[in-house]
$ cat query37.pdb   # PDB, C-alpha atoms
ATOM      1  CA  GLN E   1     117.771 129.263 128.433
ATOM      2  CA  GLU E   2     115.118 127.312 130.380
ATOM      3  CA  THR E   3     113.388 124.543 128.493
ATOM      4  CA  GLY E   4     109.692 125.242 128.179
ATOM      5  CA  GLN E   5     106.928 122.724 128.565
ATOM      6  CA  GLY E   6     104.023 122.118 126.290
ATOM      7  CA  GLY E   7     103.348 123.373 122.820
ATOM      8  CA  GLU E   8      99.623 124.044 122.484
ATOM      9  CA  THR E   9      98.691 126.258 119.569
ATOM     10  CA  GLY E  10      95.421 127.322 118.012
ATOM     11  CA  ALA E  11      93.957 128.910 114.884
ATOM     12  CA  GLY E  12      95.954 131.810 113.567
ATOM     13  CA  GLY E  13      98.486 132.893 110.988
ATOM     14  CA  ALA E  14     102.150 132.219 111.660
ATOM     15  CA  ALA E  15     104.344 132.588 108.590
ATOM     16  CA  LEU E  16     107.909 132.397 107.410
ATOM     17  CA  ALA E  17     108.619 134.697 104.478
ATOM     18  CA  GLY E  18     111.578 136.335 102.756
ATOM     19  CA  GLY E  19     113.070 139.770 103.344
ATOM     20  CA  ALA E  20     115.931 141.195 105.445
ATOM     21  CA  ASP E  21     118.967 143.401 104.826
ATOM     22  CA  THR E  22     122.648 143.065 105.659
ATOM     23  CA  ALA E  23     123.966 145.424 108.354
ATOM     24  CA  GLY E  24     126.876 146.042 110.686
ATOM     25  CA  ALA E  25     130.276 144.587 111.467
ATOM     26  CA  ALA E  26     130.814 140.976 112.505
ATOM     27  CA  THR E  27     130.807 139.694 116.059
ATOM     28  CA  ALA E  28     131.080 135.902 115.756
ATOM     29  CA  GLN E  29     129.044 133.554 117.936
ATOM     30  CA  GLY E  30     130.078 129.924 117.499
ATOM     31  CA  ALA E  31     132.293 127.993 115.122
ATOM     32  CA  ALA E  32     132.926 128.913 111.501
ATOM     33  CA  GLY E  33     130.264 128.097 108.913
ATOM     34  CA  ALA E  34     131.149 127.243 105.311
ATOM     35  CA  PRO E  35     134.821 126.511 104.424
ATOM     36  CA  ALA E  36     136.854 129.421 103.065
ATOM     37  CA  GLY E  37     136.233 130.080  99.402
ATOM     38  CA  THR E  38     132.775 128.480  99.338
ATOM     39  CA  ALA E  39     129.425 130.246  99.328
ATOM     40  CA  ALA E  40     127.558 129.971 102.620
ATOM     41  CA  ALA E  41     123.767 129.839 102.761
ATOM     42  CA  PRO E  42     122.068 132.264 105.148
ATOM     43  CA  PRO E  43     120.707 130.871 108.418
ATOM     44  CA  ALA E  44     117.203 129.452 107.957
ATOM     45  CA  ILE E  45     114.566 129.238 110.673
ATOM     46  CA  VAL E  46     113.901 125.666 111.816
ATOM     47  CA  SER E  47     111.466 126.438 114.644
ATOM     48  CA  ALA E  48     110.356 129.187 117.007
ATOM     49  CA  VAL E  49     108.511 129.256 120.319
ATOM     50  CA  SER E  50     107.047 131.978 122.493
ATOM     51  CA  ARG E  51     108.050 131.216 126.081
ATOM     52  CA  LYS E  52     106.499 132.514 129.286
ATOM     53  CA  VAL E  53     107.043 131.521 132.895
ATOM     54  CA  HIS E  54     103.756 130.690 134.651
ATOM     55  CA  GLY E  55     104.716 131.358 138.243
ATOM     56  CA  GLN E  56     105.789 128.260 140.138
ATOM     57  CA  ALA E  57     104.380 126.052 137.371
ATOM     58  CA  GLY E  58     107.421 127.017 135.293
ATOM     59  CA  PRO E  59     107.938 127.914 131.610
ATOM     60  CA  PHE E  60     105.571 126.881 128.836
ATOM     61  CA  ASP E  61     106.054 127.307 125.095
ATOM     62  CA  ILE E  62     103.692 128.060 122.221
ATOM     63  CA  ASN E  63     105.080 126.950 118.858
ATOM     64  CA  VAL E  64     104.843 130.176 116.855
ATOM     65  CA  SER E  65     106.453 128.740 113.719
ATOM     66  CA  GLN E  66     103.260 126.819 112.942
ATOM     67  CA  PRO E  67     100.625 128.456 110.728
ATOM     68  CA  THR E  68      97.962 127.971 113.428
ATOM     69  CA  ALA E  69      99.853 129.778 116.193
ATOM     70  CA  ILE E  70      98.472 132.528 118.427
ATOM     71  CA  GLU E  71     100.180 133.962 121.517
ATOM     72  CA  SER E  72      97.180 134.438 123.816
ATOM     73  CA  ARG E  73      98.787 135.173 127.163
ATOM     74  CA  GLN E  74      98.993 138.472 129.004
ATOM     75  CA  SER E  75     101.339 141.105 127.521
ATOM     76  CA  GLY E  76     101.908 139.062 124.369
ATOM     77  CA  PRO E  77     105.302 137.569 123.555
ATOM     78  CA  THR E  78     108.094 138.495 125.969
ATOM     79  CA  GLU E  79     110.655 135.868 124.946
ATOM     80  CA  VAL E  80     110.825 134.214 121.544
ATOM     81  CA  ILE E  81     113.333 131.387 121.054
ATOM     82  CA  VAL E  82     114.287 131.020 117.389
ATOM     83  CA  THR E  83     116.229 127.949 116.237
ATOM     84  CA  PHE E  84     118.268 128.233 113.040
ATOM     85  CA  ASP E  85     119.628 125.435 110.877
ATOM     86  CA  ARG E  86     123.264 126.425 111.448
ATOM     87  CA  LEU E  87     125.636 128.309 113.709
ATOM     88  CA  PHE E  88     125.315 132.045 113.244
ATOM     89  CA  GLN E  89     126.783 135.381 114.292
ATOM     90  CA  LEU E  90     125.352 138.709 115.367
ATOM     91  CA  LEU E  91     126.651 141.353 112.999
ATOM     92  CA  THR E  92     126.584 144.202 115.525
ATOM     93  CA  GLY E  93     125.956 142.430 118.824
ATOM     94  CA  ALA E  94     123.135 144.908 119.526
ATOM     95  CA  SER E  95     119.373 144.419 119.769
ATOM     96  CA  ALA E  96     119.027 146.058 116.333
ATOM     97  CA  ASP E  97     120.224 142.768 114.823
ATOM     98  CA  VAL E  98     116.574 141.693 115.153
ATOM     99  CA  GLN E  99     113.682 143.948 114.157
ATOM    100  CA  THR E 100     110.095 143.707 115.431
ATOM    101  CA  SER E 101     106.860 145.142 114.058
ATOM    102  CA  GLN E 102     105.428 145.555 117.568
ATOM    103  CA  GLY E 103     107.079 146.751 120.740
ATOM    104  CA  THR E 104     110.828 146.729 121.284
ATOM    105  CA  VAL E 105     113.615 144.152 121.175
ATOM    106  CA  THR E 106     115.401 144.599 124.512
ATOM    107  CA  SER E 107     118.081 141.905 124.340
ATOM    108  CA  LEU E 108     119.437 139.020 122.287
ATOM    109  CA  ALA E 109     121.048 135.876 123.704
ATOM    110  CA  PRO E 110     122.653 133.460 121.200
ATOM    111  CA  ALA E 111     123.394 129.873 122.231
ATOM    112  CA  GLY E 112     124.469 127.431 119.550
ATOM    113  CA  HIS E 113     121.738 127.309 116.917
ATOM    114  CA  GLU E 114     119.262 129.146 119.184
ATOM    115  CA  LEU E 115     118.603 132.852 119.583
ATOM    116  CA  ALA E 116     116.551 134.144 122.519
ATOM    117  CA  VAL E 117     114.823 137.415 121.628
ATOM    118  CA  GLU E 118     113.490 139.423 124.576
ATOM    119  CA  LEU E 119     110.537 141.711 123.767
ATOM    120  CA  GLU E 120     108.584 144.463 125.511
ATOM    121  CA  ASN E 121     105.192 145.988 124.657
ATOM    122  CA  ALA E 122     104.362 143.477 121.923
ATOM    123  CA  GLY E 123     100.939 142.647 123.318
ATOM    124  CA  GLY E 124      98.879 143.345 120.223
ATOM    125  CA  PRO E 125      96.232 142.816 119.128
ATOM    126  CA  GLY E 126      97.744 142.150 115.750
ATOM    127  CA  ALA E 127     100.599 140.229 114.234
ATOM    128  CA  VAL E 128     104.168 140.310 115.483
ATOM    129  CA  THR E 129     106.762 140.135 112.734
ATOM    130  CA  LEU E 130     110.416 139.470 113.499
ATOM    131  CA  SER E 131     113.123 139.978 110.884
ATOM    132  CA  PHE E 132     116.822 139.236 111.278
ATOM    133  CA  PRO E 133     118.944 141.816 109.392
ATOM    134  CA  GLY E 134     121.897 141.265 111.726
ATOM    135  CA  ILE E 135     121.956 137.459 111.801
ATOM    136  CA  ALA E 136     124.465 135.824 109.425
ATOM    137  CA  ASP E 137     126.206 132.519 108.870
ATOM    138  CA  ALA E 138     128.952 132.040 111.463
ATOM    139  CA  GLY E 139     131.657 132.076 108.787
ATOM    140  CA  ASN E 140     130.288 134.553 106.253
ATOM    141  CA  THR E 141     128.951 138.012 107.142
ATOM    142  CA  SER E 142     127.391 138.319 103.689
ATOM    143  CA  ALA E 143     125.098 135.313 104.225
ATOM    144  CA  VAL E 144     122.409 137.198 106.149
ATOM    145  CA  ALA E 145     119.127 135.606 107.237
ATOM    146  CA  THR E 146     116.313 136.527 104.854
ATOM    147  CA  GLU E 147     113.333 134.784 106.457
ATOM    148  CA  ILE E 148     110.712 136.634 108.461
ATOM    149  CA  LEU E 149     108.842 135.084 111.390
ATOM    150  CA  CYS E 150     105.245 136.239 111.779
ATOM    151  CA  PHE E 151     102.603 135.100 114.259
ATOM    152  CA  ARG E 152      99.380 136.491 115.656
ATOM    153  CA  VAL E 153      98.766 137.881 119.131
ATOM    154  CA  LEU E 154      95.351 137.926 120.815
ATOM    155  CA  GLN E 155      95.280 138.137 124.585
ATOM    156  CA  ALA E 156      92.677 135.948 126.353
ATOM    157  CA  ASP E 157      92.044 133.679 123.361
ATOM    158  CA  ALA E 158      92.228 130.623 125.604
ATOM    159  CA  THR E 159      90.950 128.263 122.911
ATOM    160  CA  ASN E 160      93.267 129.709 120.233
ATOM    161  CA  ASP E 161      90.503 129.982 117.637
ATOM    162  CA  GLY E 162      91.239 133.601 116.733
ATOM    163  CA  GLN E 163      88.373 135.110 118.746
ATOM    164  CA  VAL E 164      87.714 135.949 122.387
ATOM    165  CA  ASN E 165      84.202 134.791 123.177
ATOM    166  CA  ILE E 166      82.051 132.686 125.472
ATOM    167  CA  PHE E 167      83.972 129.536 124.535
ATOM    168  CA  ASP E 168      87.112 130.979 126.124
ATOM    169  CA  LEU E 169      85.230 131.705 129.348
ATOM    170  CA  VAL E 170      83.875 128.134 129.360
ATOM    171  CA  ALA E 171      87.338 126.656 128.740
ATOM    172  CA  ILE E 172      88.756 128.586 131.688
ATOM    173  CA  ARG E 173      85.805 127.788 133.943
ATOM    174  CA  ASN E 174      86.209 124.077 133.200
ATOM    175  CA  THR E 175      89.840 124.146 134.379
ATOM    176  CA  LEU E 176      89.435 126.418 137.409
ATOM    177  CA  ASN E 177      91.792 125.582 140.277
ATOM    178  CA  GLN E 178      93.542 122.831 138.321
ATOM    179  CA  PRO E 179      97.354 122.697 138.315
ATOM    180  CA  VAL E 180      98.814 124.461 135.278
ATOM    181  CA  ASP E 181     100.314 121.894 132.888
ATOM    182  CA  ALA E 182     101.128 121.344 129.219
ATOM    183  CA  GLY E 183      97.480 120.663 128.414
ATOM    184  CA  ASN E 184      95.861 123.724 129.966
ATOM    185  CA  PHE E 185      98.483 126.470 130.317
ATOM    186  CA  THR E 186      96.773 128.690 127.707
ATOM    187  CA  ARG E 187      93.903 129.042 130.221
ATOM    188  CA  ASP E 188      96.318 130.749 132.636
ATOM    189  CA  ILE E 189      95.879 134.069 130.857
ATOM    190  CA  ASN E 190      97.755 136.182 133.410
ATOM    191  CA  VAL E 191     100.605 133.629 133.651
ATOM    192  CA  ASP E 192     100.637 133.546 137.457
ATOM    193  CA  GLY E 193     100.694 129.740 137.617
ATOM    194  CA  VAL E 194      97.069 129.436 138.769
ATOM    195  CA  ILE E 195      93.865 129.137 136.734
ATOM    196  CA  ASN E 196      91.351 131.174 138.689
ATOM    197  CA  VAL E 197      88.800 133.986 138.625
ATOM    198  CA  PHE E 198      91.422 136.519 137.572
ATOM    199  CA  ASP E 199      91.819 134.664 134.275
ATOM    200  CA  LEU E 200      88.044 134.794 133.801
ATOM    201  CA  VAL E 201      88.047 138.544 134.459
ATOM    202  CA  ALA E 202      90.932 139.119 132.031
ATOM    203  CA  THR E 203      89.017 137.199 129.374
ATOM    204  CA  ARG E 204      85.696 138.928 130.042
ATOM    205  CA  ASN E 205      87.430 142.298 129.617
ATOM    206  CA  ARG E 206      88.500 141.326 126.078
ATOM    207  CA  LEU E 207      85.303 139.696 124.847
ATOM    208  CA  ASN E 208      84.475 140.138 121.149
ATOM    209  CA  THR E 209      88.027 140.907 120.089
ATOM    210  CA  ALA E 210      89.596 139.025 117.189
ATOM    211  CA  ALA E 211      93.078 138.209 115.934
ATOM    212  CA  MET E 212      94.548 139.996 112.924
ATOM    213  CA  ASP E 213      96.277 138.165 110.088
ATOM    214  CA  CYS E 214      99.951 138.332 109.296
ATOM    215  CA  PRO E 215     100.608 140.725 106.399
TER     216      PRO E 215
END

$ encode --input "query37.pdb" --output "structure tokens"
Amino acid sequence: QETGQGGETGAGGAALAGGADTAGAATAQGAAGAPAGTAAAPPAIVSAVSRKVHGQAGPFDINVSQPTAIESRQSGPTEVIVTFDRLFQLLTGASADVQTSQGTVTSLAPAGHELAVELENAGGPGAVTLSFPGIADAGNTSAVATEILCFRVLQADATNDGQVNIFDLVAIRNTLNQPVDAGNFTRDINVDGVINVFDLVATRNRLNTAAMDCP
């Protein structure tokens, strides 16, 4: 997985909560977890980012494990990188090992403690909730992840305050034609690597919309 830049987040409602079910047969990814005969704890979420590639400017991440997080870029989250506290396995090896409240999980890519979740049609508005019924400790298929990751999605909320309004237009106008970097990438609404009039138009078209809370 590419390493994203940045980590700007705004007002919102990310949350980690309990609730997921065990499912499927084991397909191990990584080394064994707890020693034989001992109880293994389920994988716990350490962090999570929503990653998008902004044209030639490269990938930039929004930390969606923070309670203030909002994914404000075009089409909502398309790749979420979840880091767990331990090695884990996919119980079925299929996309159903992760469930989403919006859109569709199209693929899963485990790598060490990280899981890349590819999403389609999760553009909101509203909260995206990911649960992990097919993610278990690497050495114990019964130790299934129980946490839920939830974060809000509001396209064109350049200031990440939970509303699309004149302040977002001003923020974009003030960075017009500047190189996209870790400090301003949320102004590149259409993630083309350039902050320009098309970002202003995308924001104007969503004026007076507001983010919805996680359940």

$ axis_aligned_box --input "query37.pdb" --around "segment 135-154 of chain E" --padding-each-side "3 Å" --output "lines of an AutoDock Vina configuration file"
center_x = 113.5
center_y = 135.2
center_z = 112.3
size_x = 42.3
size_y = 12.3
size_z = 23.1

$ resolve_selection --input "query37.pdb" --expression "the PyMOL selection byres ((chain E and resi 102-117) around 10)" --output "JSON list (two decimals) with C-alpha atoms, in the frame of the given file"
[["chain", "number", "residue", "atom", "x", "y", "z"],
["E", 1, "GLN", "CA", 117.77, 129.26, 128.43],
["E", 29, "GLN", "CA", 129.04, 133.55, 117.94],
["E", 30, "GLY", "CA", 130.08, 129.92, 117.50],
["E", 31, "ALA", "CA", 132.29, 127.99, 115.12],
["E", 43, "PRO", "CA", 120.71, 130.87, 108.42],
["E", 45, "ILE", "CA", 114.57, 129.24, 110.67],
["E", 46, "VAL", "CA", 113.90, 125.67, 111.82],
["E", 47, "SER", "CA", 111.47, 126.44, 114.64],
["E", 48, "ALA", "CA", 110.36, 129.19, 117.01],
["E", 49, "VAL", "CA", 108.51, 129.26, 120.32],
["E", 50, "SER", "CA", 107.05, 131.98, 122.49],
["E", 51, "ARG", "CA", 108.05, 131.22, 126.08],
["E", 76, "GLY", "CA", 101.91, 139.06, 124.37],
["E", 77, "PRO", "CA", 105.30, 137.57, 123.56],
["E", 78, "THR", "CA", 108.09, 138.50, 125.97],
["E", 79, "GLU", "CA", 110.66, 135.87, 124.95],
["E", 80, "VAL", "CA", 110.82, 134.21, 121.54],
["E", 81, "ILE", "CA", 113.33, 131.39, 121.05],
["E", 82, "VAL", "CA", 114.29, 131.02, 117.39],
["E", 83, "THR", "CA", 116.23, 127.95, 116.24],
["E", 84, "PHE", "CA", 118.27, 128.23, 113.04],
["E", 85, "ASP", "CA", 119.63, 125.44, 110.88],
["E", 86, "ARG", "CA", 123.26, 126.42, 111.45],
["E", 87, "LEU", "CA", 125.64, 128.31, 113.71],
["E", 88, "PHE", "CA", 125.32, 132.04, 113.24],
["E", 89, "GLN", "CA", 126.78, 135.38, 114.29],
["E", 90, "LEU", "CA", 125.35, 138.71, 115.37],
["E", 93, "GLY", "CA", 125.96, 142.43, 118.82],
["E", 94, "ALA", "CA", 123.14, 144.91, 119.53],
["E", 95, "SER", "CA", 119.37, 144.42, 119.77],
["E", 96, "ALA", "CA", 119.03, 146.06, 116.33],
["E", 97, "ASP", "CA", 120.22, 142.77, 114.82],
["E", 98, "VAL", "CA", 116.57, 141.69, 115.15],
["E", 99, "GLN", "CA", 113.68, 143.95, 114.16],
["E", 100, "THR", "CA", 110.10, 143.71, 115.43],
["E", 101, "SER", "CA", 106.86, 145.14, 114.06],
["E", 118, "GLU", "CA", 113.49, 139.42, 124.58],
["E", 119, "LEU", "CA", 110.54, 141.71, 123.77],
["E", 120, "GLU", "CA", 108.58, 144.46, 125.51],
["E", 121, "ASN", "CA", 105.19, 145.99, 124.66],
["E", 122, "ALA", "CA", 104.36, 143.48, 121.92],
["E", 123, "GLY", "CA", 100.94, 142.65, 123.32],
["E", 124, "GLY", "CA", 98.88, 143.34, 120.22],
["E", 125, "PRO", "CA", 96.23, 142.82, 119.13],
["E", 126, "GLY", "CA", 97.74, 142.15, 115.75],
["E", 127, "ALA", "CA", 100.60, 140.23, 114.23],
["E", 128, "VAL", "CA", 104.17, 140.31, 115.48],
["E", 129, "THR", "CA", 106.76, 140.14, 112.73],
["E", 130, "LEU", "CA", 110.42, 139.47, 113.50],
["E", 135, "ILE", "CA", 121.96, 137.46, 111.80]]

$ resolve_selection --input "query37.pdb" --expression "the PyMOL selection byres ((chain E and resi 152) around 8)" --output "list of chain:residue names"
E:Gly12, E:Gly13, E:Ala14, E:Ala69, E:Ile70, E:Glu71, E:Pro125, E:Gly126, E:Ala127, E:Val128, E:Cys150, E:Phe151, E:Val153, E:Leu154, E:Ala211, E:Met212, E:Asp213, E:Cys214

$ resolve_selection --input "query37.pdb" --expression "the PyMOL selection byres ((chain E and resi 158) around 6)" --output "PyMOL selection string"
chain E and resi 156-157+159-160+168+186-187

$ write_last_selection --input "query37.pdb" --atoms "C-alpha atoms" --output "PDB file, in the frame of the given file"
ATOM      1  CA  ALA E 156      92.677 135.948 126.353  1.00  0.00           C
ATOM      2  CA  ASP E 157      92.044 133.679 123.361  1.00  0.00           C
ATOM      3  CA  THR E 159      90.950 128.263 122.911  1.00  0.00           C
ATOM      4  CA  ASN E 160      93.267 129.709 120.233  1.00  0.00           C
ATOM      5  CA  ASP E 168      87.112 130.979 126.124  1.00  0.00           C
ATOM      6  CA  THR E 186      96.773 128.690 127.707  1.00  0.00           C
ATOM      7  CA  ARG E 187      93.903 129.042 130.221  1.00  0.00           C
TER       8      ARG E 187
END

$ atom_distance --input "query37.pdb" --atom1 "atom CA of Ala40 of chain E" --atom2 "atom CA of Gly139 of chain E"
7.7 Å

$ atom_distance --input "query37.pdb" --atom1 "atom CA of Ala182 of chain E" --atom2 "atom CA of Ser72 of chain E"
14.7 Å

$ atom_distance --input "query37.pdb" --atom1 "atom CA of Asn174 of chain E" --atom2 "atom CA of Ile195 of chain E"
9.8 Å

$ decode --input "query37.pdb" --residues "segment 185-207 of chain E" --atoms "N, CA, C and O atoms" --output "mmCIF file, in the first residue's frame"
data_model
loop_
_atom_site.group_PDB
_atom_site.id
_atom_site.type_symbol
_atom_site.label_atom_id
_atom_site.label_comp_id
_atom_site.auth_asym_id
_atom_site.auth_seq_id
_atom_site.Cartn_x
_atom_site.Cartn_y
_atom_site.Cartn_z
ATOM 1 N N PHE E 185 -4.883 19.795 1.225
ATOM 2 C CA PHE E 185 -5.436 18.808 0.293
ATOM 3 C C PHE E 185 -6.948 18.658 0.397
ATOM 4 O O PHE E 185 -7.596 18.234 -0.562
ATOM 5 N N THR E 186 -7.555 19.019 1.552
ATOM 6 C CA THR E 186 -9.012 18.915 1.657
ATOM 7 C C THR E 186 -9.715 19.965 0.804
ATOM 8 O O THR E 186 -10.929 19.879 0.599
ATOM 9 N N ARG E 187 -8.970 20.952 0.289
ATOM 10 C CA ARG E 187 -9.552 21.938 -0.635
ATOM 11 C C ARG E 187 -9.625 21.392 -2.061
ATOM 12 O O ARG E 187 -10.346 21.926 -2.888
ATOM 13 N N ASP E 188 -8.881 20.335 -2.328
ATOM 14 C CA ASP E 188 -8.912 19.682 -3.648
ATOM 15 C C ASP E 188 -10.077 18.690 -3.656
ATOM 16 O O ASP E 188 -9.897 17.477 -3.577
ATOM 17 N N ILE E 189 -11.275 19.216 -3.744
ATOM 18 C CA ILE E 189 -12.489 18.426 -3.570
ATOM 19 C C ILE E 189 -12.581 17.292 -4.584
ATOM 20 O O ILE E 189 -12.979 16.169 -4.252
ATOM 21 N N ASN E 190 -12.223 17.561 -5.826
ATOM 22 C CA ASN E 190 -12.357 16.533 -6.873
ATOM 23 C C ASN E 190 -11.099 15.690 -7.053
ATOM 24 O O ASN E 190 -10.979 14.933 -8.019
ATOM 25 N N VAL E 191 -10.174 15.799 -6.124
ATOM 26 C CA VAL E 191 -8.956 14.983 -6.020
ATOM 27 C C VAL E 191 -8.208 14.821 -7.347
ATOM 28 O O VAL E 191 -7.698 13.751 -7.656
ATOM 29 N N ASP E 192 -8.101 15.921 -8.106
ATOM 30 C CA ASP E 192 -7.361 15.857 -9.365
ATOM 31 C C ASP E 192 -5.947 16.399 -9.226
ATOM 32 O O ASP E 192 -5.200 16.473 -10.203
ATOM 33 N N GLY E 193 -5.559 16.784 -7.992
ATOM 34 C CA GLY E 193 -4.203 17.268 -7.769
ATOM 35 C C GLY E 193 -4.023 18.749 -7.997
ATOM 36 O O GLY E 193 -2.912 19.267 -7.893
ATOM 37 N N VAL E 194 -5.136 19.465 -8.272
ATOM 38 C CA VAL E 194 -5.085 20.903 -8.523
ATOM 39 C C VAL E 194 -6.247 21.553 -7.784
ATOM 40 O O VAL E 194 -7.381 21.061 -7.842
ATOM 41 N N ILE E 195 -5.982 22.656 -7.103
ATOM 42 C CA ILE E 195 -7.055 23.427 -6.464
ATOM 43 C C ILE E 195 -7.442 24.542 -7.426
ATOM 44 O O ILE E 195 -6.656 25.462 -7.675
ATOM 45 N N ASN E 196 -8.642 24.433 -7.990
ATOM 46 C CA ASN E 196 -9.020 25.371 -9.043
ATOM 47 C C ASN E 196 -10.530 25.612 -9.037
ATOM 48 O O ASN E 196 -11.232 25.237 -8.098
ATOM 49 N N VAL E 197 -11.023 26.209 -10.105
ATOM 50 C CA VAL E 197 -12.430 26.596 -10.182
ATOM 51 C C VAL E 197 -13.354 25.387 -10.124
ATOM 52 O O VAL E 197 -14.502 25.494 -9.657
ATOM 53 N N PHE E 198 -12.889 24.235 -10.545
ATOM 54 C CA PHE E 198 -13.745 23.050 -10.499
ATOM 55 C C PHE E 198 -14.050 22.640 -9.054
ATOM 56 O O PHE E 198 -15.128 22.093 -8.767
ATOM 57 N N ASP E 199 -13.134 22.900 -8.147
ATOM 58 C CA ASP E 199 -13.386 22.633 -6.735
ATOM 59 C C ASP E 199 -14.405 23.630 -6.182
ATOM 60 O O ASP E 199 -15.261 23.264 -5.370
ATOM 61 N N LEU E 200 -14.331 24.876 -6.646
ATOM 62 C CA LEU E 200 -15.331 25.868 -6.238
ATOM 63 C C LEU E 200 -16.719 25.468 -6.729
ATOM 64 O O LEU E 200 -17.709 25.559 -5.991
ATOM 65 N N VAL E 201 -16.804 25.013 -7.974
ATOM 66 C CA VAL E 201 -18.092 24.612 -8.539
ATOM 67 C C VAL E 201 -18.666 23.414 -7.782
ATOM 68 O O VAL E 201 -19.858 23.380 -7.450
ATOM 69 N N ALA E 202 -17.806 22.433 -7.488
ATOM 70 C CA ALA E 202 -18.259 21.249 -6.748
ATOM 71 C C ALA E 202 -18.797 21.632 -5.377
ATOM 72 O O ALA E 202 -19.789 21.058 -4.895
ATOM 73 N N THR E 203 -18.162 22.623 -4.757
ATOM 74 C CA THR E 203 -18.605 23.080 -3.440
ATOM 75 C C THR E 203 -19.892 23.886 -3.547
ATOM 76 O O THR E 203 -20.828 23.696 -2.761
ATOM 77 N N ARG E 204 -19.961 24.768 -4.510
ATOM 78 C CA ARG E 204 -21.186 25.569 -4.706
ATOM 79 C C ARG E 204 -22.398 24.662 -4.918
ATOM 80 O O ARG E 204 -23.488 24.937 -4.416
ATOM 81 N N ASN E 205 -22.202 23.561 -5.639
ATOM 82 C CA ASN E 205 -23.315 22.652 -5.932
ATOM 83 C C ASN E 205 -23.813 21.899 -4.706
ATOM 84 O O ASN E 205 -24.869 21.257 -4.764
ATOM 85 N N ARG E 206 -23.057 21.953 -3.605
ATOM 86 C CA ARG E 206 -23.470 21.244 -2.381
ATOM 87 C C ARG E 206 -23.676 22.185 -1.203
ATOM 88 O O ARG E 206 -23.704 21.751 -0.043
ATOM 89 N N LEU E 207 -23.828 23.470 -1.493
ATOM 90 C CA LEU E 207 -24.044 24.445 -0.428
ATOM 91 C C LEU E 207 -25.266 24.080 0.413
ATOM 92 O O LEU E 207 -26.261 23.558 -0.095
#
